[in-house]
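J.: To be precise about what I am sending: the file is called work-v5.cif and holds mmCIF, C-alpha atoms and all ligand atoms.
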data_target
#
loop_
_atom_site.label_atom_id
_atom_site.label_comp_id
_atom_site.auth_asym_id
_atom_site.auth_seq_id
_atom_site.Cartn_x
_atom_site.Cartn_y
_atom_site.Cartn_z
CA MET A 1 124.91 -48.25 -71.29
CA THR A 2 128.02 -50.29 -72.11
CA VAL A 3 128.32 -53.91 -71.04
CA ILE A 4 131.90 -55.13 -70.57
CA ASP A 5 132.99 -58.73 -70.25
CA ILE A 6 135.95 -58.64 -67.89
CA PRO A 7 138.45 -61.57 -67.97
CA GLY A 8 138.59 -64.01 -65.06
CA SER A 9 139.98 -63.10 -61.66
CA LYS A 10 143.72 -63.55 -61.21
CA SER A 11 143.35 -64.31 -57.51
CA VAL A 12 140.56 -66.84 -58.02
CA THR A 13 142.41 -68.52 -60.91
CA ALA A 14 145.64 -68.85 -58.88
CA ARG A 15 143.83 -70.36 -55.88
CA ALA A 16 141.81 -72.67 -58.12
CA LEU A 17 145.02 -73.93 -59.74
CA PHE A 18 146.58 -74.69 -56.33
CA LEU A 19 143.43 -76.39 -55.01
CA ALA A 20 142.89 -78.38 -58.21
CA ALA A 21 146.51 -79.57 -58.21
CA ALA A 22 146.20 -80.73 -54.59
CA ALA A 23 142.78 -82.38 -55.00
CA GLU A 24 141.78 -86.01 -55.46
CA GLY A 25 140.50 -86.28 -59.05
CA THR A 26 140.40 -84.07 -62.14
CA THR A 27 139.21 -80.46 -61.88
CA THR A 28 137.88 -78.32 -64.72
CA LEU A 29 138.21 -74.54 -64.36
CA LEU A 30 135.75 -72.59 -66.47
CA GLY A 31 136.75 -69.09 -67.63
CA PRO A 32 140.23 -68.97 -66.06
CA LEU A 33 142.26 -65.80 -66.54
CA VAL A 34 144.73 -66.25 -69.40
CA SER A 35 147.56 -63.83 -68.64
CA ASP A 36 151.25 -63.83 -67.75
CA ASP A 37 150.57 -64.46 -64.05
CA THR A 38 148.20 -67.38 -64.50
CA GLU A 39 150.07 -68.93 -67.44
CA GLY A 40 153.20 -68.72 -65.29
CA PHE A 41 151.33 -70.50 -62.50
CA ALA A 42 150.08 -73.23 -64.85
CA GLU A 43 153.56 -73.71 -66.33
CA GLY A 44 154.99 -73.92 -62.83
CA LEU A 45 152.55 -76.72 -62.06
CA THR A 46 153.56 -78.50 -65.26
CA ALA A 47 157.25 -78.20 -64.33
CA LEU A 48 156.42 -79.75 -60.94
CA GLY A 49 154.87 -82.74 -62.70
CA TYR A 50 151.16 -81.94 -62.61
CA ALA A 51 149.08 -82.62 -65.73
CA VAL A 52 147.49 -79.33 -66.84
CA ARG A 53 145.57 -79.26 -70.12
CA ARG A 54 144.58 -75.82 -71.36
CA GLU A 55 141.86 -75.27 -73.95
CA PRO A 56 140.03 -72.02 -74.74
CA GLY A 57 137.69 -71.21 -71.83
CA ALA A 58 138.52 -74.33 -69.79
CA TRP A 59 141.62 -75.64 -68.01
CA HIS A 60 141.75 -79.24 -66.78
CA ILE A 61 144.06 -80.25 -63.94
CA GLU A 62 144.71 -83.77 -62.69
CA GLY A 63 145.11 -83.54 -58.94
CA ARG A 64 147.99 -85.19 -57.06
CA PRO A 65 147.11 -85.28 -53.34
CA ALA A 66 150.57 -86.66 -52.51
CA GLY A 67 152.33 -83.68 -54.11
CA PRO A 68 154.32 -82.92 -57.27
CA GLY A 69 154.90 -85.75 -59.73
CA ALA A 70 158.47 -84.62 -60.42
CA ASP A 71 161.34 -85.47 -58.04
CA THR A 72 163.21 -82.35 -59.09
CA ALA A 73 162.10 -79.21 -60.90
CA ASP A 74 163.20 -75.69 -61.82
CA VAL A 75 160.23 -73.35 -61.55
CA TYR A 76 160.28 -69.79 -62.85
CA CYS A 77 157.51 -67.77 -61.18
CA ARG A 78 157.83 -64.73 -63.50
CA ASP A 79 156.39 -61.55 -61.93
CA GLY A 80 153.46 -63.12 -60.08
CA ALA A 81 153.49 -63.02 -56.30
CA THR A 82 150.68 -65.56 -56.08
CA THR A 83 152.83 -67.98 -58.09
CA ALA A 84 156.01 -67.10 -56.16
CA ARG A 85 154.33 -67.58 -52.78
CA PHE A 86 151.76 -70.32 -53.43
CA LEU A 87 153.81 -72.77 -55.53
CA PRO A 88 156.77 -73.31 -53.14
CA THR A 89 154.18 -73.88 -50.39
CA LEU A 90 152.34 -76.47 -52.48
CA ALA A 91 155.63 -78.17 -53.36
CA ALA A 92 156.59 -78.38 -49.66
CA ALA A 93 153.77 -80.89 -49.13
CA GLY A 94 155.39 -83.35 -51.58
CA HIS A 95 158.69 -85.24 -51.77
CA GLY A 96 161.50 -83.89 -53.91
CA THR A 97 163.88 -81.01 -54.49
CA TYR A 98 162.44 -77.95 -56.18
CA LEU A 99 164.16 -74.72 -57.19
CA PHE A 100 162.13 -71.54 -57.51
CA ASP A 101 163.12 -68.24 -59.06
CA ALA A 102 161.26 -65.14 -60.22
CA SER A 103 161.59 -61.81 -62.04
CA ALA A 104 163.95 -59.11 -60.78
CA GLN A 105 161.06 -57.24 -59.11
CA MET A 106 159.63 -60.42 -57.59
CA ARG A 107 163.10 -61.21 -56.22
CA ARG A 108 162.96 -57.85 -54.44
CA ARG A 109 159.47 -58.44 -52.98
CA PRO A 110 159.41 -59.90 -49.44
CA LEU A 111 158.86 -63.56 -48.62
CA ALA A 112 160.44 -64.06 -45.18
CA PRO A 113 157.31 -64.44 -43.02
CA LEU A 114 156.17 -67.27 -45.30
CA THR A 115 159.52 -69.04 -45.62
CA ASN A 116 160.15 -68.71 -41.87
CA ALA A 117 156.72 -70.23 -41.19
CA LEU A 118 157.49 -73.12 -43.54
CA ARG A 119 160.78 -73.69 -41.69
CA THR A 120 158.90 -73.68 -38.38
CA LEU A 121 156.81 -76.48 -39.86
CA GLY A 122 160.00 -78.43 -40.55
CA VAL A 123 160.41 -77.66 -44.26
CA ASP A 124 164.04 -77.66 -45.37
CA LEU A 125 164.14 -74.43 -47.37
CA ARG A 126 167.20 -72.44 -48.47
CA HIS A 127 167.38 -68.99 -50.00
CA GLY A 128 169.79 -68.88 -52.94
CA GLU A 129 170.99 -65.28 -52.75
CA LYS A 130 169.31 -63.16 -50.11
CA GLU A 131 167.61 -64.41 -46.95
CA GLY A 132 163.84 -64.04 -47.23
CA HIS A 133 163.79 -63.62 -51.03
CA HIS A 134 163.69 -65.61 -54.26
CA PRO A 135 165.48 -67.65 -55.54
CA LEU A 136 164.93 -70.53 -53.10
CA ASP A 137 165.29 -74.32 -52.88
CA VAL A 138 162.65 -76.45 -51.22
CA HIS A 139 163.74 -79.93 -50.12
CA ALA A 140 160.29 -81.35 -49.56
CA ARG A 141 159.39 -84.41 -47.53
CA GLY A 142 155.78 -83.77 -46.52
CA VAL A 143 154.54 -81.48 -43.75
CA LYS A 144 153.39 -82.82 -40.38
CA GLY A 145 151.46 -79.68 -39.37
CA GLY A 146 151.08 -77.99 -36.00
CA ALA A 147 150.62 -74.44 -34.73
CA LEU A 148 152.09 -71.23 -36.13
CA THR A 149 152.12 -67.51 -35.46
CA LEU A 150 152.28 -65.38 -38.59
CA ASP A 151 152.78 -61.69 -39.33
CA ALA A 152 150.77 -61.03 -42.50
CA GLY A 153 150.95 -57.26 -42.12
CA GLN A 154 152.88 -56.86 -45.37
CA SER A 155 151.00 -59.43 -47.46
CA SER A 156 147.94 -61.62 -46.94
CA GLN A 157 149.39 -64.01 -49.51
CA TYR A 158 151.58 -65.63 -46.80
CA LEU A 159 148.44 -66.55 -44.88
CA THR A 160 146.60 -67.72 -48.00
CA ALA A 161 149.51 -70.01 -48.95
CA LEU A 162 149.70 -71.56 -45.47
CA LEU A 163 145.92 -71.94 -45.18
CA MET A 164 145.82 -73.81 -48.49
CA LEU A 165 148.68 -76.03 -47.27
CA GLY A 166 146.71 -76.94 -44.12
CA PRO A 167 144.52 -79.75 -45.55
CA LEU A 168 147.65 -81.37 -47.08
CA THR A 169 149.43 -81.71 -43.73
CA ALA A 170 149.37 -84.94 -41.69
CA GLU A 171 147.89 -83.41 -38.54
CA GLY A 172 146.30 -80.12 -39.63
CA LEU A 173 147.41 -76.55 -39.07
CA ASP A 174 146.48 -73.79 -36.61
CA ILE A 175 147.60 -70.33 -37.72
CA THR A 176 147.36 -67.27 -35.49
CA VAL A 177 147.94 -63.93 -37.22
CA THR A 178 149.47 -60.99 -35.38
CA ASP A 179 148.71 -58.55 -38.21
CA LEU A 180 146.91 -58.83 -41.53
CA VAL A 181 146.48 -56.64 -44.64
CA SER A 182 144.20 -57.27 -47.62
CA GLU A 183 141.88 -59.33 -45.43
CA PRO A 184 139.15 -59.81 -48.09
CA TYR A 185 141.65 -61.93 -50.04
CA VAL A 186 141.70 -64.34 -47.10
CA GLU A 187 137.90 -64.55 -47.36
CA ILE A 188 138.33 -65.64 -50.99
CA THR A 189 140.78 -68.30 -49.81
CA LEU A 190 138.47 -69.66 -47.12
CA ALA A 191 135.45 -69.78 -49.44
CA MET A 192 137.40 -71.53 -52.19
CA MET A 193 139.06 -74.03 -49.83
CA ARG A 194 135.60 -74.99 -48.58
CA ALA A 195 134.35 -75.27 -52.16
CA PHE A 196 137.12 -77.86 -52.72
CA GLY A 197 136.10 -79.85 -49.60
CA ALA A 198 138.32 -78.38 -46.86
CA ASP A 199 137.31 -77.95 -43.22
CA VAL A 200 138.65 -74.58 -42.08
CA ARG A 201 137.36 -72.52 -39.16
CA GLN A 202 138.19 -69.02 -37.99
CA GLU A 203 138.18 -68.20 -34.28
CA GLY A 204 139.17 -64.56 -33.93
CA ARG A 205 142.74 -64.27 -35.16
CA THR A 206 143.25 -68.05 -35.31
CA TYR A 207 142.48 -70.20 -38.33
CA ARG A 208 142.13 -73.96 -37.75
CA VAL A 209 142.55 -76.22 -40.78
CA ALA A 210 141.77 -79.94 -40.61
CA PRO A 211 143.92 -82.48 -42.53
CA THR A 212 141.15 -83.45 -44.95
CA GLY A 213 142.80 -82.99 -48.35
CA TYR A 214 140.75 -81.53 -51.22
CA ARG A 215 138.16 -82.90 -53.66
CA ALA A 216 138.22 -82.10 -57.39
CA ARG A 217 135.25 -80.35 -59.00
CA THR A 218 134.17 -78.13 -61.86
CA TYR A 219 134.73 -74.51 -60.83
CA GLY A 220 133.66 -71.30 -62.58
CA ILE A 221 136.05 -68.32 -62.26
CA GLU A 222 134.32 -64.94 -61.73
CA PRO A 223 135.50 -61.79 -63.58
CA ASP A 224 138.41 -59.86 -62.06
CA ALA A 225 137.16 -57.09 -59.77
CA SER A 226 140.47 -55.16 -59.79
CA THR A 227 140.42 -55.14 -63.61
CA ALA A 228 136.81 -53.98 -63.55
CA SER A 229 137.85 -50.95 -61.46
CA TYR A 230 139.30 -49.16 -64.53
CA PHE A 231 135.99 -49.39 -66.36
CA PHE A 232 133.99 -48.40 -63.27
CA ALA A 233 136.28 -45.38 -62.75
CA ALA A 234 135.94 -44.39 -66.42
CA ALA A 235 132.16 -44.57 -66.17
CA ALA A 236 132.18 -42.42 -63.02
CA LEU A 237 134.39 -39.85 -64.78
CA GLU A 238 132.55 -39.36 -68.04
CA PRO A 239 129.22 -37.50 -67.79
CA GLY A 240 126.44 -39.52 -69.42
CA ARG A 241 128.34 -42.81 -69.26
CA SER A 242 127.44 -46.00 -67.53
CA VAL A 243 129.07 -49.42 -67.51
CA THR A 244 127.76 -52.81 -66.46
CA VAL A 245 130.03 -55.73 -65.59
CA PRO A 246 128.06 -58.98 -65.66
CA GLY A 247 129.12 -61.81 -63.35
CA LEU A 248 130.39 -59.51 -60.58
CA GLY A 249 127.38 -58.98 -58.36
CA THR A 250 126.14 -59.54 -54.83
CA GLY A 251 127.61 -63.05 -54.66
CA ALA A 252 131.10 -62.00 -55.79
CA LEU A 253 134.03 -63.40 -53.82
CA GLN A 254 136.42 -60.51 -54.42
CA GLY A 255 136.69 -57.66 -51.94
CA ASP A 256 137.97 -55.32 -54.68
CA LEU A 257 134.38 -54.94 -55.87
CA ALA A 258 134.07 -52.57 -52.88
CA PHE A 259 135.88 -50.02 -55.07
CA VAL A 260 132.41 -49.12 -56.36
CA ASP A 261 131.49 -48.04 -52.80
CA VAL A 262 134.32 -45.49 -53.02
CA LEU A 263 132.91 -44.25 -56.34
CA ARG A 264 129.45 -44.05 -54.77
CA ARG A 265 130.83 -41.92 -51.93
CA MET A 266 132.36 -39.65 -54.58
CA GLY A 267 128.96 -39.18 -56.24
CA ALA A 268 128.61 -41.95 -58.84
CA ALA A 269 125.39 -43.97 -59.07
CA VAL A 270 126.07 -47.63 -58.30
CA GLU A 271 123.78 -50.63 -58.58
CA ILE A 272 124.82 -54.13 -57.50
CA THR A 273 122.45 -56.99 -58.34
CA ASP A 274 122.77 -60.78 -58.35
CA ALA A 275 123.70 -60.53 -62.04
CA GLY A 276 126.34 -57.81 -61.99
CA THR A 277 127.38 -54.27 -61.12
CA THR A 278 126.56 -51.00 -62.88
CA VAL A 279 128.30 -47.65 -62.34
CA ARG A 280 126.89 -44.44 -63.84
CA SER A 281 128.25 -40.93 -63.80
CA THR A 282 126.01 -38.34 -62.15
CA GLY A 283 128.24 -35.49 -63.30
CA THR A 284 129.51 -35.10 -59.72
CA LEU A 285 132.84 -36.39 -58.38
CA ARG A 286 133.54 -35.32 -54.81
CA GLY A 287 136.88 -35.55 -52.99
CA LEU A 288 137.15 -37.81 -49.94
CA THR A 289 139.43 -39.49 -47.41
CA VAL A 290 139.35 -43.25 -47.73
CA ASN A 291 141.11 -46.18 -46.05
CA MET A 292 142.09 -48.67 -48.78
CA ARG A 293 143.89 -51.27 -46.63
CA ASP A 294 141.39 -53.93 -47.74
CA ILE A 295 141.37 -53.03 -51.44
CA SER A 296 144.80 -51.58 -52.14
CA ASP A 297 145.11 -52.94 -55.70
CA THR A 298 142.53 -50.25 -56.58
CA MET A 299 144.57 -47.46 -54.96
CA PRO A 300 146.22 -46.51 -58.30
CA THR A 301 142.80 -46.48 -59.99
CA LEU A 302 141.54 -43.93 -57.50
CA ALA A 303 144.78 -41.93 -57.58
CA ALA A 304 144.53 -41.62 -61.37
CA LEU A 305 140.89 -40.51 -61.16
CA ALA A 306 141.45 -38.17 -58.22
CA PRO A 307 142.51 -34.93 -60.04
CA PHE A 308 139.02 -34.75 -61.56
CA ALA A 309 137.31 -34.67 -58.15
CA GLU A 310 136.05 -31.34 -56.79
CA GLY A 311 138.15 -31.62 -53.60
CA PRO A 312 141.30 -33.41 -52.44
CA VAL A 313 141.41 -37.21 -52.41
CA ARG A 314 143.38 -38.71 -49.53
CA ILE A 315 144.05 -42.46 -49.56
CA GLU A 316 145.25 -43.96 -46.28
CA ASP A 317 146.68 -47.19 -44.83
CA VAL A 318 148.27 -48.48 -48.03
CA ALA A 319 151.91 -48.97 -46.97
CA ASN A 320 152.04 -52.40 -48.61
CA THR A 321 151.48 -50.87 -52.06
CA ARG A 322 155.16 -49.92 -51.81
CA VAL A 323 156.15 -53.61 -52.19
CA LYS A 324 154.03 -54.59 -55.19
CA GLU A 325 155.04 -54.61 -58.88
CA CYS A 326 156.67 -51.26 -58.02
CA ASP A 327 156.44 -48.69 -55.24
CA ARG A 328 152.94 -47.68 -56.22
CA LEU A 329 152.63 -44.64 -53.93
CA ASP A 330 155.78 -43.13 -55.42
CA ALA A 331 154.84 -44.15 -58.98
CA CYS A 332 151.38 -42.57 -58.70
CA ALA A 333 152.83 -39.38 -57.23
CA GLU A 334 155.59 -39.18 -59.85
CA ASN A 335 153.16 -39.57 -62.76
CA LEU A 336 150.51 -37.22 -61.41
CA ARG A 337 153.23 -34.58 -60.95
CA ARG A 338 154.33 -35.15 -64.56
CA LEU A 339 150.76 -34.16 -65.46
CA GLY A 340 151.01 -30.98 -63.38
CA ILE A 341 148.95 -32.20 -60.41
CA THR A 342 149.79 -31.34 -56.79
CA VAL A 343 150.41 -34.50 -54.75
CA HIS A 344 151.70 -35.23 -51.25
CA THR A 345 152.71 -38.66 -49.94
CA GLY A 346 153.69 -40.22 -46.63
CA PRO A 347 154.80 -43.70 -45.58
CA ASP A 348 151.31 -45.14 -46.05
CA TRP A 349 149.21 -42.41 -47.67
CA ILE A 350 148.81 -40.18 -50.70
CA GLU A 351 146.87 -36.95 -51.11
CA ILE A 352 145.94 -35.68 -54.56
CA HIS A 353 144.64 -32.19 -55.21
CA PRO A 354 142.09 -31.21 -57.86
CA GLY A 355 143.51 -29.98 -61.16
CA THR A 356 143.46 -30.40 -64.91
CA PRO A 357 146.07 -32.96 -65.94
CA THR A 358 148.04 -31.69 -68.90
CA GLY A 359 149.94 -33.57 -71.56
CA PRO A 360 151.89 -34.37 -73.49
CA ALA A 361 153.49 -36.63 -70.90
CA GLU A 362 154.99 -40.09 -70.79
CA ILE A 363 153.82 -42.20 -67.87
CA ALA A 364 156.66 -44.05 -66.13
CA THR A 365 155.06 -47.46 -65.72
CA HIS A 366 157.86 -49.15 -63.72
CA GLY A 367 156.68 -52.33 -65.44
CA ASP A 368 153.47 -52.22 -63.39
CA HIS A 369 150.28 -53.23 -65.17
CA ARG A 370 148.13 -51.26 -62.72
CA ILE A 371 149.98 -47.99 -63.38
CA VAL A 372 149.19 -48.36 -67.11
CA MET A 373 145.55 -49.34 -66.65
CA SER A 374 144.95 -46.61 -64.05
CA PHE A 375 146.49 -43.80 -66.10
CA ALA A 376 144.50 -44.99 -69.13
CA VAL A 377 141.54 -43.62 -67.14
CA THR A 378 143.30 -40.24 -66.72
CA ALA A 379 144.11 -40.32 -70.45
CA LEU A 380 140.38 -40.29 -71.29
CA ARG A 381 140.43 -36.59 -70.36
CA THR A 382 144.11 -35.80 -71.00
CA PRO A 383 145.38 -35.62 -74.59
CA GLY A 384 148.97 -36.67 -75.17
CA ILE A 385 149.47 -39.38 -72.52
CA THR A 386 151.82 -42.19 -73.59
CA PHE A 387 153.33 -45.09 -71.60
CA ASP A 388 156.98 -46.15 -71.52
CA ASP A 389 155.94 -49.84 -71.33
CA PRO A 390 152.29 -50.27 -72.37
CA GLY A 391 152.78 -54.03 -72.82
CA CYS A 392 153.24 -54.71 -69.11
CA VAL A 393 149.45 -55.07 -68.86
CA LYS A 394 150.10 -58.67 -69.94
CA LYS A 395 150.50 -59.56 -66.25
CA THR A 396 146.73 -59.62 -65.77
CA PHE A 397 145.02 -58.30 -68.94
CA PRO A 398 146.95 -58.77 -72.21
CA ASP A 399 144.04 -57.37 -74.28
CA PHE A 400 143.52 -54.29 -72.08
CA HIS A 401 144.39 -51.59 -74.65
CA ARG A 402 142.07 -52.96 -77.35
CA VAL A 403 139.16 -53.46 -74.92
CA PHE A 404 139.63 -50.10 -73.19
CA ASP A 405 139.96 -48.22 -76.52
CA THR A 406 136.78 -49.84 -77.82
CA PHE A 407 135.03 -48.94 -74.57
CA ALA A 408 136.29 -45.33 -74.77
CA HIS A 409 135.00 -44.94 -78.31
CA THR A 410 131.59 -46.51 -77.65
CA PRO A 411 129.08 -43.84 -76.61
O1 LIG B 1 145.94 -63.25 -52.58
C1 LIG B 1 145.85 -62.61 -53.64
O2 LIG B 1 145.42 -63.15 -54.68
C2 LIG B 1 146.26 -61.21 -53.67
C3 LIG B 1 146.40 -60.51 -52.49
C4 LIG B 1 146.80 -59.08 -52.47
O3 LIG B 1 148.15 -59.01 -52.09
P1 LIG B 1 148.66 -58.60 -50.61
O4 LIG B 1 148.02 -59.49 -49.63
O5 LIG B 1 150.14 -58.78 -50.71
O6 LIG B 1 148.26 -57.16 -50.41
C5 LIG B 1 146.66 -58.40 -53.82
O7 LIG B 1 147.33 -57.18 -53.82
C6 LIG B 1 147.20 -59.27 -54.94
O8 LIG B 1 147.04 -58.65 -56.19
C7 LIG B 1 146.47 -60.59 -54.99
C1 LIG B 2 149.92 -56.78 -56.46
C2 LIG B 2 149.50 -57.47 -57.51
O1 LIG B 2 149.89 -58.70 -57.86
P1 LIG B 2 150.73 -59.84 -57.11
O2 LIG B 2 150.96 -59.38 -55.69
O3 LIG B 2 149.84 -61.05 -57.14
O4 LIG B 2 151.96 -60.00 -57.92
C3 LIG B 2 148.50 -56.87 -58.43
O5 LIG B 2 148.00 -57.61 -59.32
O6 LIG B 2 148.18 -55.68 -58.31
#
Take the structure in the file and write it out as structure tokens.
T.:
Amino acid sequence: MTVIDIPGSKSVTARALFLAAAAEGTTTLLGPLVSDDTEGFAEGLTALGYAVRREPGAWHIEGRPAGPGADTADVYCRDGATTARFLPTLAAAGHGTYLFDASAQMRRRPLAPLTNALRTLGVDLRHGEKEGHHPLDVHARGVKGGALTLDAGQSSQYLTALLMLGPLTAEGLDITVTDLVSEPYVEITLAMMRAFGADVRQEGRTYRVAPTGYRARTYGIEPDASTASYFFAAAALEPGRSVTVPGLGTGALQGDLAFVDVLRRMGAAVEITDAGTTVRSTGTLRGLTVNMRDISDTMPTLAALAPFAEGPVRIEDVANTRVKECDRLDACAENLRRLGITVHTGPDWIEIHPGTPTGPAEIATHGDHRIVMSFAVTALRTPGITFDDPGCVKKTFPDFHRVFDTFAHTP
């Protein structure tokens, strides 16, 4: 059995940084993810005038309940959608003029439902080049609050950003969603807001947030469940292998841990305890049809594992994976075909047929960390796989190649 220590969750670290910055007092985050996304978030906070002190294993943030310390700031959000969507929302609660920009891909990714909602709340917000996209200027003068209707059918991050804004408004916020993807990420948001002292209630499709502000605390970041999926998939693939990820067990916040239920349906042995999760190969990997709307960051992991299943693997309801770091449905199909695998795709689905992937082949990463980490699983059984941009794993797991290679060579 191999035990793998997975770095901290990107989603939990990003929320914790927002909540800590908005809280009364100084927060210490234990085990934050150190990667391009979360360093970009922390640097964005620093640019906005928050005091963030980073030491190995612990980040300390002095909260500013009244909003950013800077009157003006230029914030570069890099490639991280949590940064690009959460930070302008945090800044809106303060007083000042803040300019936000992001990577070329992040500029392409949608933002309009969030920025329109902020405008409905009275925030003076202007898009610099294209309506509904980065770059944007926020002329902040506090947010009164009120009621909103939101379409979060393309990204739950719009809802998360607005929920976290709620306690910082003068009168509170009621948000009614007409559509919602990636719902388990909203559960993370609600749990973490409450852990920082917020009063937020869900009544059907309406979320009611009271204007309480947040309280600082010491907060431990759990390992990243999406990152763990590559190791779980590798364990399910390799006869005789098993992997245990400590710290991701029954109490885990992240919905992406449900990826192990998909592996269980395919034939892997899965055990989830209070202490962690273990996946073991049984030598069987069945095909299946699975809806991954709730856990779509693990769609590429399953797609890359799929050729080794005994029957076709069909993944449904994942349209929003087309607006992530790349168009992930097309990127998975393109790369599987490069390996000689038969694949069909539709607007929101992909179907992968059993086959023996054959190299040599270069994987077109499209700068997407998840394409690299997913096809590293395929590469365990496919000699000759290389990546056109292996370094793009820095977005969430800079040390991925070393850790995965060590894992692959440990019996
Ligand atoms: O809130 C979050 O931390 C995230 C929500 C999900 O995005 P969508 O809601 O856009 O699917 C997920 O894909 C992303 O990696 C992180
Ligand atoms: C989609 C992702 O990231 P984000 O939307 O936070 O940029 C991801 O990490 O797979």
J.: Residues up to 6 Å from ligand LIG 2 (chain B), counting all atoms listed in the file: could you list those as a ChimeraX atom specification?
T.: /A:80-82,297,324
J.: Using all atoms listed in the file, I'd like a table of the residues in chain A that come within 10 Å of ligand LIG 1 (chain B); for each, show the closest atom pair and its distance in Å rounded to one decimal, ordered by chain and ascending number, as CSV.
T.:
residue,atom,partner,partner_atom,distance
A:Ser9,CA,B:LIG1,O2,8.8
A:Lys10,CA,B:LIG1,O2,6.8
A:Ser11,CA,B:LIG1,O2,3.7
A:Val12,CA,B:LIG1,O2,7.0
A:Thr13,CA,B:LIG1,O2,8.8
A:Ala14,CA,B:LIG1,O2,7.1
A:Arg15,CA,B:LIG1,O2,7.5
A:Gly80,CA,B:LIG1,O8,8.7
A:Ala81,CA,B:LIG1,C6,7.4
A:Thr82,CA,B:LIG1,O2,6.0
A:Thr83,CA,B:LIG1,O2,9.5
A:Arg85,CA,B:LIG1,O1,9.4
A:Phe86,CA,B:LIG1,O1,9.2
A:Arg109,CA,B:LIG1,O5,9.6
A:Pro110,CA,B:LIG1,O5,9.4
A:Ala152,CA,B:LIG1,O4,7.8
A:Gly153,CA,B:LIG1,O4,8.4
A:Gln154,CA,B:LIG1,O5,6.3
A:Ser155,CA,B:LIG1,O5,3.4
A:Ser156,CA,B:LIG1,O4,3.4
A:Gln157,CA,B:LIG1,O1,4.7
A:Tyr158,CA,B:LIG1,O4,7.6
A:Leu159,CA,B:LIG1,O4,8.5
A:Thr160,CA,B:LIG1,O1,6.4
A:Ala161,CA,B:LIG1,O1,8.5
A:Leu180,CA,B:LIG1,O4,8.2
A:Val181,CA,B:LIG1,O4,5.9
A:Ser182,CA,B:LIG1,O4,4.9
A:Glu183,CA,B:LIG1,O4,7.4
A:Pro184,CA,B:LIG1,C3,8.5
A:Tyr185,CA,B:LIG1,O1,5.2
A:Val186,CA,B:LIG1,O1,7.0
A:Glu187,CA,B:LIG1,O1,9.7
A:Ile188,CA,B:LIG1,O1,8.1
A:Thr189,CA,B:LIG1,O1,7.7
A:Ser226,CA,B:LIG1,O8,8.3
A:Gln254,CA,B:LIG1,O2,9.4
A:Asp256,CA,B:LIG1,C5,9.3
A:Arg293,CA,B:LIG1,O6,8.3
A:Asp294,CA,B:LIG1,O6,8.0
A:Ile295,CA,B:LIG1,O7,7.6
A:Ser296,CA,B:LIG1,O7,6.4
A:Asp297,CA,B:LIG1,O7,5.1
A:Thr298,CA,B:LIG1,O7,8.9
A:Val318,CA,B:LIG1,O6,9.0
A:Ala319,CA,B:LIG1,O6,9.6
A:Asn320,CA,B:LIG1,O6,6.3
A:Thr321,CA,B:LIG1,O6,7.3
A:Val323,CA,B:LIG1,O5,8.1
A:Lys324,CA,B:LIG1,O5,7.3
A:Glu325,CA,B:LIG1,O8,9.4
A:Arg370,CA,B:LIG1,O8,9.9
A:Thr396,CA,B:LIG1,O8,9.6
J.: From the set A:Ile4, A:Leu288, A:Val209, A:Ala379, which residue has the shortest atom-to-atom contact distance to Ala361 in chain A, counting all atoms listed in the file?
T.: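 For Ala361 in chain A, the nearest of the given residues is A:Ala379.
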J.: Given the choices A:Thr342, A:Val200, A:Leu190, A:Gly287, which gets closest to Leu253 in chain A if the distance is worked out from all atoms listed in the file?
T.: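 Of A:Thr342, A:Val200, A:Leu190, A:Gly287, the one nearest Leu253 in chain A is A:Leu190, counting all atoms listed in the file.
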J.: If you measure from CA of Phe387 in chain A to CA of Leu339 in chain A, what distance in Å do you get, rounded to one decimal?
T.: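 If I compute the distance from CA of Phe387 in chain A to CA of Leu339 in chain A, I get 12.8 Å.
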J.: Near Gly311 in chain A, within 10 Å and counting all atoms listed in the file, which residues show up once chain neighbours fewer than 2 positions away are dropped, as a VMD selection string?
T.: chain A and resid 266 285 to 288 306 to 309 313 to 314 352 to 355
